[in-house]
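K.L.:
For reference, this is final.txt, and it has compact mmCIF, C-alpha atoms.
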```
# COMPACT_ATOMS: atom_id res chain seq x y z
CA MET A 253 -13.18 -33.16 -12.43
CA LEU A 254 -10.79 -34.29 -15.17
CA GLN A 255 -10.84 -30.79 -16.65
CA VAL A 256 -9.87 -29.30 -13.28
CA ILE A 257 -6.98 -31.76 -12.94
CA GLU A 258 -5.82 -31.00 -16.48
CA PHE A 259 -6.03 -27.27 -15.77
CA PHE A 260 -3.84 -27.53 -12.67
CA ASP A 261 -1.39 -29.84 -14.43
CA ARG A 262 -0.96 -27.21 -17.14
CA TRP A 263 -1.27 -23.97 -15.20
CA GLY A 264 -0.48 -24.90 -11.60
CA ASP A 265 3.19 -23.88 -11.71
CA PRO A 266 2.68 -20.55 -13.59
CA ILE A 267 -0.15 -19.57 -11.23
CA TRP A 268 1.94 -20.46 -8.17
CA LYS A 269 4.90 -18.47 -9.51
CA ALA A 270 2.66 -15.48 -10.31
CA THR A 271 1.11 -15.61 -6.82
CA ILE A 272 4.56 -15.58 -5.19
CA GLU A 273 5.59 -12.62 -7.37
CA THR A 274 2.45 -10.75 -6.32
CA PHE A 275 3.22 -11.37 -2.65
CA GLN A 276 6.79 -10.17 -3.19
CA MET A 277 5.68 -6.95 -4.89
CA VAL A 278 3.03 -6.20 -2.28
CA SER A 279 5.14 -7.01 0.79
CA ILE A 280 8.33 -5.21 -0.28
CA SER A 281 6.45 -2.13 -1.55
CA LEU A 282 4.25 -2.00 1.55
CA ILE A 283 7.17 -2.17 3.99
CA ILE A 284 9.12 0.58 2.19
CA SER A 285 5.96 2.70 1.84
CA ILE A 286 5.21 2.45 5.57
CA ILE A 287 8.80 3.45 6.43
CA ILE A 288 8.39 6.56 4.25
CA ALA A 289 4.76 7.31 5.09
CA LEU A 290 4.92 7.16 8.88
CA PRO A 291 7.22 10.20 9.26
CA LEU A 292 5.39 11.98 6.42
CA GLY A 293 1.99 11.46 8.04
CA THR A 294 3.34 12.52 11.42
CA LEU A 295 4.89 15.68 9.95
CA LEU A 296 1.60 16.54 8.24
CA VAL A 297 -0.11 16.43 11.62
CA LEU A 298 2.55 18.17 13.72
CA THR A 299 3.25 21.02 11.25
CA ARG A 300 -0.43 21.92 10.82
CA PRO A 301 -1.66 25.26 12.23
CA ASN A 302 -1.98 25.24 16.03
CA LYS A 303 0.11 22.08 16.43
CA SER A 304 3.32 21.61 18.44
CA LEU A 305 5.67 21.91 15.43
CA GLU A 306 3.57 24.36 13.42
CA ASN A 307 5.35 25.30 10.20
CA LYS A 308 3.19 26.48 7.33
CA TYR A 309 6.00 26.15 4.75
CA VAL A 310 6.81 22.52 5.56
CA TYR A 311 3.12 21.66 5.77
CA GLN A 312 2.24 23.33 2.46
CA VAL A 313 5.15 21.71 0.61
CA LEU A 314 4.29 18.24 1.93
CA ASN A 315 0.60 18.81 1.28
CA VAL A 316 1.15 19.86 -2.34
CA VAL A 317 3.66 17.09 -3.14
CA ILE A 318 1.39 14.40 -1.70
CA ASN A 319 -1.67 15.78 -3.50
CA ILE A 320 0.16 15.92 -6.83
CA THR A 321 1.44 12.35 -6.51
CA ARG A 322 -1.97 11.02 -5.49
CA SER A 323 -3.66 12.75 -8.42
CA ILE A 324 -1.73 10.67 -11.00
CA PRO A 325 -3.32 7.30 -11.88
CA PHE A 326 -0.93 4.41 -11.28
CA ILE A 327 -0.81 3.24 -14.88
CA ILE A 328 0.29 6.74 -16.00
CA LEU A 329 2.74 7.09 -13.09
CA LEU A 330 4.23 3.72 -14.04
CA PHE A 331 5.30 4.98 -17.46
CA PHE A 332 5.98 8.57 -16.36
CA ILE A 333 8.77 7.62 -13.93
CA LEU A 334 10.36 4.86 -16.04
CA PRO A 335 13.68 6.80 -16.37
CA PHE A 336 13.74 7.36 -12.59
CA THR A 337 13.00 3.68 -11.98
CA LYS A 338 15.83 2.59 -14.27
CA PHE A 339 18.17 5.03 -12.52
CA ILE A 340 17.30 3.67 -9.07
CA VAL A 341 17.18 -0.09 -9.67
CA GLY A 342 18.71 -0.45 -13.14
CA THR A 343 15.62 -1.95 -14.78
CA SER A 344 11.93 -1.28 -15.36
CA MET A 345 10.96 -4.93 -15.88
CA GLY A 346 10.02 -7.70 -13.49
CA VAL A 347 9.34 -7.52 -9.76
CA LYS A 348 12.44 -5.41 -9.14
CA GLY A 349 11.46 -2.84 -11.75
CA VAL A 350 7.97 -2.21 -10.38
CA ILE A 351 8.88 -1.65 -6.70
CA VAL A 352 9.84 2.02 -7.23
CA PRO A 353 6.57 3.10 -8.92
CA LEU A 354 4.55 1.08 -6.40
CA VAL A 355 6.27 2.87 -3.50
CA VAL A 356 5.89 6.30 -5.15
CA TYR A 357 2.20 5.53 -5.67
CA THR A 358 1.47 4.01 -2.26
CA ALA A 359 3.57 6.01 0.23
CA PRO A 360 1.65 9.33 -0.20
CA TYR A 361 -1.65 7.44 0.08
CA ILE A 362 -0.59 5.76 3.33
CA ALA A 363 0.72 9.13 4.62
CA ARG A 364 -2.76 10.62 4.12
CA LEU A 365 -4.39 7.67 5.86
CA MET A 366 -1.96 8.01 8.76
CA GLU A 367 -2.60 11.74 8.96
CA SER A 368 -6.34 11.09 9.15
CA ALA A 369 -5.89 8.41 11.83
CA LEU A 370 -3.59 10.56 13.98
CA LEU A 371 -5.95 13.52 13.78
CA GLU A 372 -8.68 11.35 15.31
CA VAL A 373 -6.76 11.09 18.60
CA ASP A 374 -8.57 12.91 21.40
CA LYS A 375 -7.13 16.42 21.81
CA GLY A 376 -7.78 16.27 25.55
CA VAL A 377 -5.45 13.29 25.89
CA LEU A 378 -2.69 15.07 23.96
CA GLU A 379 -3.10 18.27 25.99
CA ALA A 380 -2.87 16.29 29.23
CA TYR A 381 0.45 14.74 28.24
CA GLU A 382 1.77 18.08 26.97
CA ALA A 383 0.83 19.70 30.30
CA MET A 384 2.90 17.04 32.10
CA GLY A 385 5.94 18.15 30.10
CA ILE A 386 6.24 14.97 28.03
CA LYS A 387 8.51 15.50 25.02
CA THR A 388 6.91 15.65 21.58
CA ARG A 389 8.73 12.57 20.26
CA HIS A 390 7.42 10.49 23.17
CA ILE A 391 3.89 11.81 22.67
CA ILE A 392 4.05 10.85 18.99
CA TRP A 393 5.01 7.23 19.60
CA HIS A 394 3.49 6.41 22.99
CA VAL A 395 0.28 8.43 22.70
CA MET A 396 -0.67 9.41 19.14
CA VAL A 397 0.38 6.21 17.37
CA ARG A 398 -0.82 4.00 20.22
CA GLU A 399 -4.26 5.64 20.40
CA ALA A 400 -4.64 5.61 16.62
CA ARG A 401 -3.66 1.95 16.16
CA PRO A 402 -7.13 0.64 15.15
CA SER A 403 -7.55 3.38 12.53
CA LEU A 404 -3.97 2.87 11.33
CA ILE A 405 -4.54 -0.86 10.87
CA LEU A 406 -7.74 -0.27 8.91
CA GLY A 407 -5.97 2.34 6.80
CA LEU A 408 -3.07 -0.01 6.07
CA THR A 409 -5.58 -2.73 5.15
CA ILE A 410 -7.18 -0.43 2.58
CA ALA A 411 -3.75 0.58 1.27
CA THR A 412 -2.67 -3.06 0.94
CA ILE A 413 -5.76 -3.91 -1.09
CA GLY A 414 -5.12 -0.90 -3.32
CA LEU A 415 -1.52 -2.07 -3.71
CA ILE A 416 -2.71 -5.48 -4.88
CA GLY A 417 -4.77 -3.74 -7.57
CA ALA A 418 -1.73 -1.70 -8.61
CA THR A 419 0.42 -4.84 -8.93
CA ALA A 420 -2.21 -6.29 -11.26
CA MET A 421 -1.96 -3.19 -13.47
CA ALA A 422 1.83 -3.45 -13.38
CA GLY A 423 1.45 -6.68 -15.33
CA LEU A 424 0.96 -4.53 -18.44
CA VAL A 425 4.69 -3.71 -18.42
CA GLY A 426 5.85 -7.25 -17.74
CA ALA A 427 6.20 -6.86 -13.99
CA GLY A 428 5.12 -10.41 -13.32
CA GLY A 429 2.50 -11.47 -10.81
CA LEU A 430 -1.14 -12.41 -11.26
CA GLY A 431 -1.90 -9.33 -13.37
CA ASP A 432 0.81 -10.23 -15.86
CA LEU A 433 -0.43 -13.83 -16.03
CA ALA A 434 -4.03 -12.73 -16.61
CA TYR A 435 -3.01 -10.23 -19.28
CA ARG A 436 -0.55 -12.37 -21.26
CA PHE A 437 -2.41 -15.67 -21.15
CA GLY A 438 -5.99 -14.86 -20.18
CA HIS A 439 -6.35 -11.88 -22.53
CA LEU A 440 -3.71 -11.96 -25.28
CA ARG A 441 -3.77 -15.73 -25.77
CA TYR A 442 -7.51 -16.15 -25.16
CA GLU A 443 -7.25 -18.55 -22.22
CA PRO A 444 -10.38 -17.59 -20.24
CA GLU A 445 -9.75 -20.27 -17.60
CA VAL A 446 -6.53 -18.50 -16.59
CA MET A 447 -8.42 -15.20 -16.29
CA TYR A 448 -11.11 -16.80 -14.11
CA ALA A 449 -8.53 -18.47 -11.87
CA THR A 450 -6.65 -15.19 -11.46
CA VAL A 451 -9.80 -13.29 -10.56
CA ILE A 452 -10.80 -15.94 -8.01
CA LEU A 453 -7.33 -15.83 -6.41
CA LEU A 454 -7.40 -12.02 -6.19
CA ILE A 455 -10.88 -12.10 -4.61
CA ILE A 456 -9.73 -14.66 -2.01
CA LEU A 457 -6.59 -12.62 -1.32
CA VAL A 458 -8.47 -9.34 -0.86
CA GLN A 459 -11.19 -10.91 1.28
CA GLY A 460 -8.57 -12.56 3.49
CA ILE A 461 -6.59 -9.37 4.00
CA GLN A 462 -9.71 -7.31 4.73
CA SER A 463 -10.98 -9.87 7.25
CA LEU A 464 -7.60 -10.02 9.03
CA GLY A 465 -7.39 -6.21 9.10
CA ASN A 466 -10.90 -5.87 10.54
CA ARG A 467 -10.26 -8.52 13.17
CA PHE A 468 -6.91 -7.04 14.23
CA ALA A 469 -8.35 -3.51 14.43
CA SER A 470 -11.29 -4.75 16.47
CA LYS A 471 -8.93 -6.50 18.90
CA LEU A 472 -6.85 -3.32 19.32
CA LYS A 473 -9.99 -1.30 20.07
CA LYS A 474 -10.84 -3.68 22.92
CA ASP A 475 -7.31 -3.35 24.30
```
Just dump the structure as structure tokens.
P.N.:
Amino acid sequence: MLQVIEFFDRWGDPIWKATIETFQMVSISLIISIIIALPLGTLLVLTRPNKSLENKYVYQVLNVVINITRSIPFIILLFFILPFTKFIVGTSMGVKGVIVPLVVYTAPYIARLMESALLEVDKGVLEAYEAMGIKTRHIIWHVMVREARPSLILGLTIATIGLIGATAMAGLVGAGGLGDLAYRFGHLRYEPEVMYATVILLIILVQGIQSLGNRFASKLKKD
């Protein structure tokens, strides 16, 4: 018990600060990624062959760009776009410096998840609304997105957990957060207790987010 108290006396503040930084990175990156991914995912669906806004050129360009971005591992992408990151936010260090690569990494992934969720919507329902002369923009928001809400929530849950893993890797470039704490103190300075505490916190965080996502999606299915 004394060892636990001593551990929290020594590491309580750094762990708390790192946890807050992780939440900041995840929340800011996730919000921006969703804002970018929602129209991208919708365009991927609507510009496909035999869809209302069919356009093979737009679809192919989006498809290729998203596939290329998703094929690059985050740790490589992080270093690859350093000049772009510095140009956008003026730095490549800290929480501010890692938001750009996190968004570039996550937005295409969420767009694919949204595309998959929207494609699951019953075609008969869409055809019925189209036959009534409902405009495409209303069908997108009031029918497609509404019907796909459970799948969208589950997809966003998966994306959020992946984003947490990416923030941990971002610690290698001094981005802050739990990954940075585990790397600098748990690994480089041989403080195994810090590593264990970080791993336990990440497990609790991931389990909590997954449970909330599952519960919310289940509730939407009932509605």
K.L.:
Give me, please, the distance in Å between CA of Glu367 in chain A and CA of Gly293 in chain A, quoted to one decimal.
P.N.:
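Rounded to one decimal, the two atoms are 4.7 Å apart.
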K.L.:
Excluding Lys348 in chain A and its own-chain neighbours fewer than 3 positions away, which residues fall within 10 Å of it when counting only C-alpha atoms? Please give them as a ChimeraX atom specification.
P.N.:
/A:276-277,280,337,341-345,351-352,427-428
K.L.:
Could you pull the residues within 8 Å of Thr412 in chain A, counting all atoms listed in the file, minus those fewer than 3 positions along the same chain, as an mmCIF file with C-alpha atoms, in the frame of the given file?
P.N.:
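result_26.cif, freshly written:
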```cif
data_model
loop_
_atom_site.group_PDB
_atom_site.id
_atom_site.type_symbol
_atom_site.label_atom_id
_atom_site.label_comp_id
_atom_site.auth_asym_id
_atom_site.auth_seq_id
_atom_site.Cartn_x
_atom_site.Cartn_y
_atom_site.Cartn_z
ATOM 1 C CA VAL A 278 3.030 -6.200 -2.280
ATOM 2 C CA LEU A 282 4.250 -2.000 1.550
ATOM 3 C CA LEU A 408 -3.070 -0.010 6.070
ATOM 4 C CA THR A 409 -5.580 -2.730 5.150
ATOM 5 C CA LEU A 415 -1.520 -2.070 -3.710
ATOM 6 C CA ILE A 416 -2.710 -5.480 -4.880
#
```
K.L.:
I'd like to know which of A:Val395, A:Ile328, A:Leu334, A:Ala420 is closest to Gly349 in chain A, using only C-alpha atoms.
P.N.:
A:Leu334
K.L.:
Let me make sure I understand: among A:Val347, A:Leu370, A:Ala363, A:Ala434, which one has the smallest atom-to-atom distance to Asn315 in chain A if we use all atoms listed in the file?
P.N.:
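Checking each of A:Val347, A:Leu370, A:Ala363, A:Ala434 against Asn315 in chain A, counting all atoms listed in the file, the winner is A:Ala363.
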K.L.:
To one decimal place, how far is CA of Pro444 in chain A from CA of Gly423 in chain A in Å?
P.N.:
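Calculated distance between CA of Pro444 in chain A and CA of Gly423 in chain A is 16.8 Å.
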K.L.:
Out of A:Tyr357, A:Glu382, A:Ile283, A:Phe259, which residue has the shortest atom-to-atom distance to Ala418 in chain A when counting all atoms listed in the file?
P.N.:
A:Tyr357
K.L.:
Residues at most 12 Å from Glu399 in chain A, counting only C-alpha atoms, excluding those fewer than 2 positions away in the same chain, as a count of residues only?
P.N.:
26
K.L.:
Separation of CA of Ser285 in chain A and CA of Thr358 in chain A, in Å?
P.N.:
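CA of Thr358 in chain A lies at a distance of 6.2 Å from CA of Ser285 in chain A.
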K.L.:
Between A:Gly438, A:Gly426, A:Gly407, A:Gly414, which is the closest to Leu457 in chain A once you count all atoms listed in the file?
P.N.:
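Ranking A:Gly438, A:Gly426, A:Gly407, A:Gly414 by distance to Leu457 in chain A, first place goes to A:Gly414.
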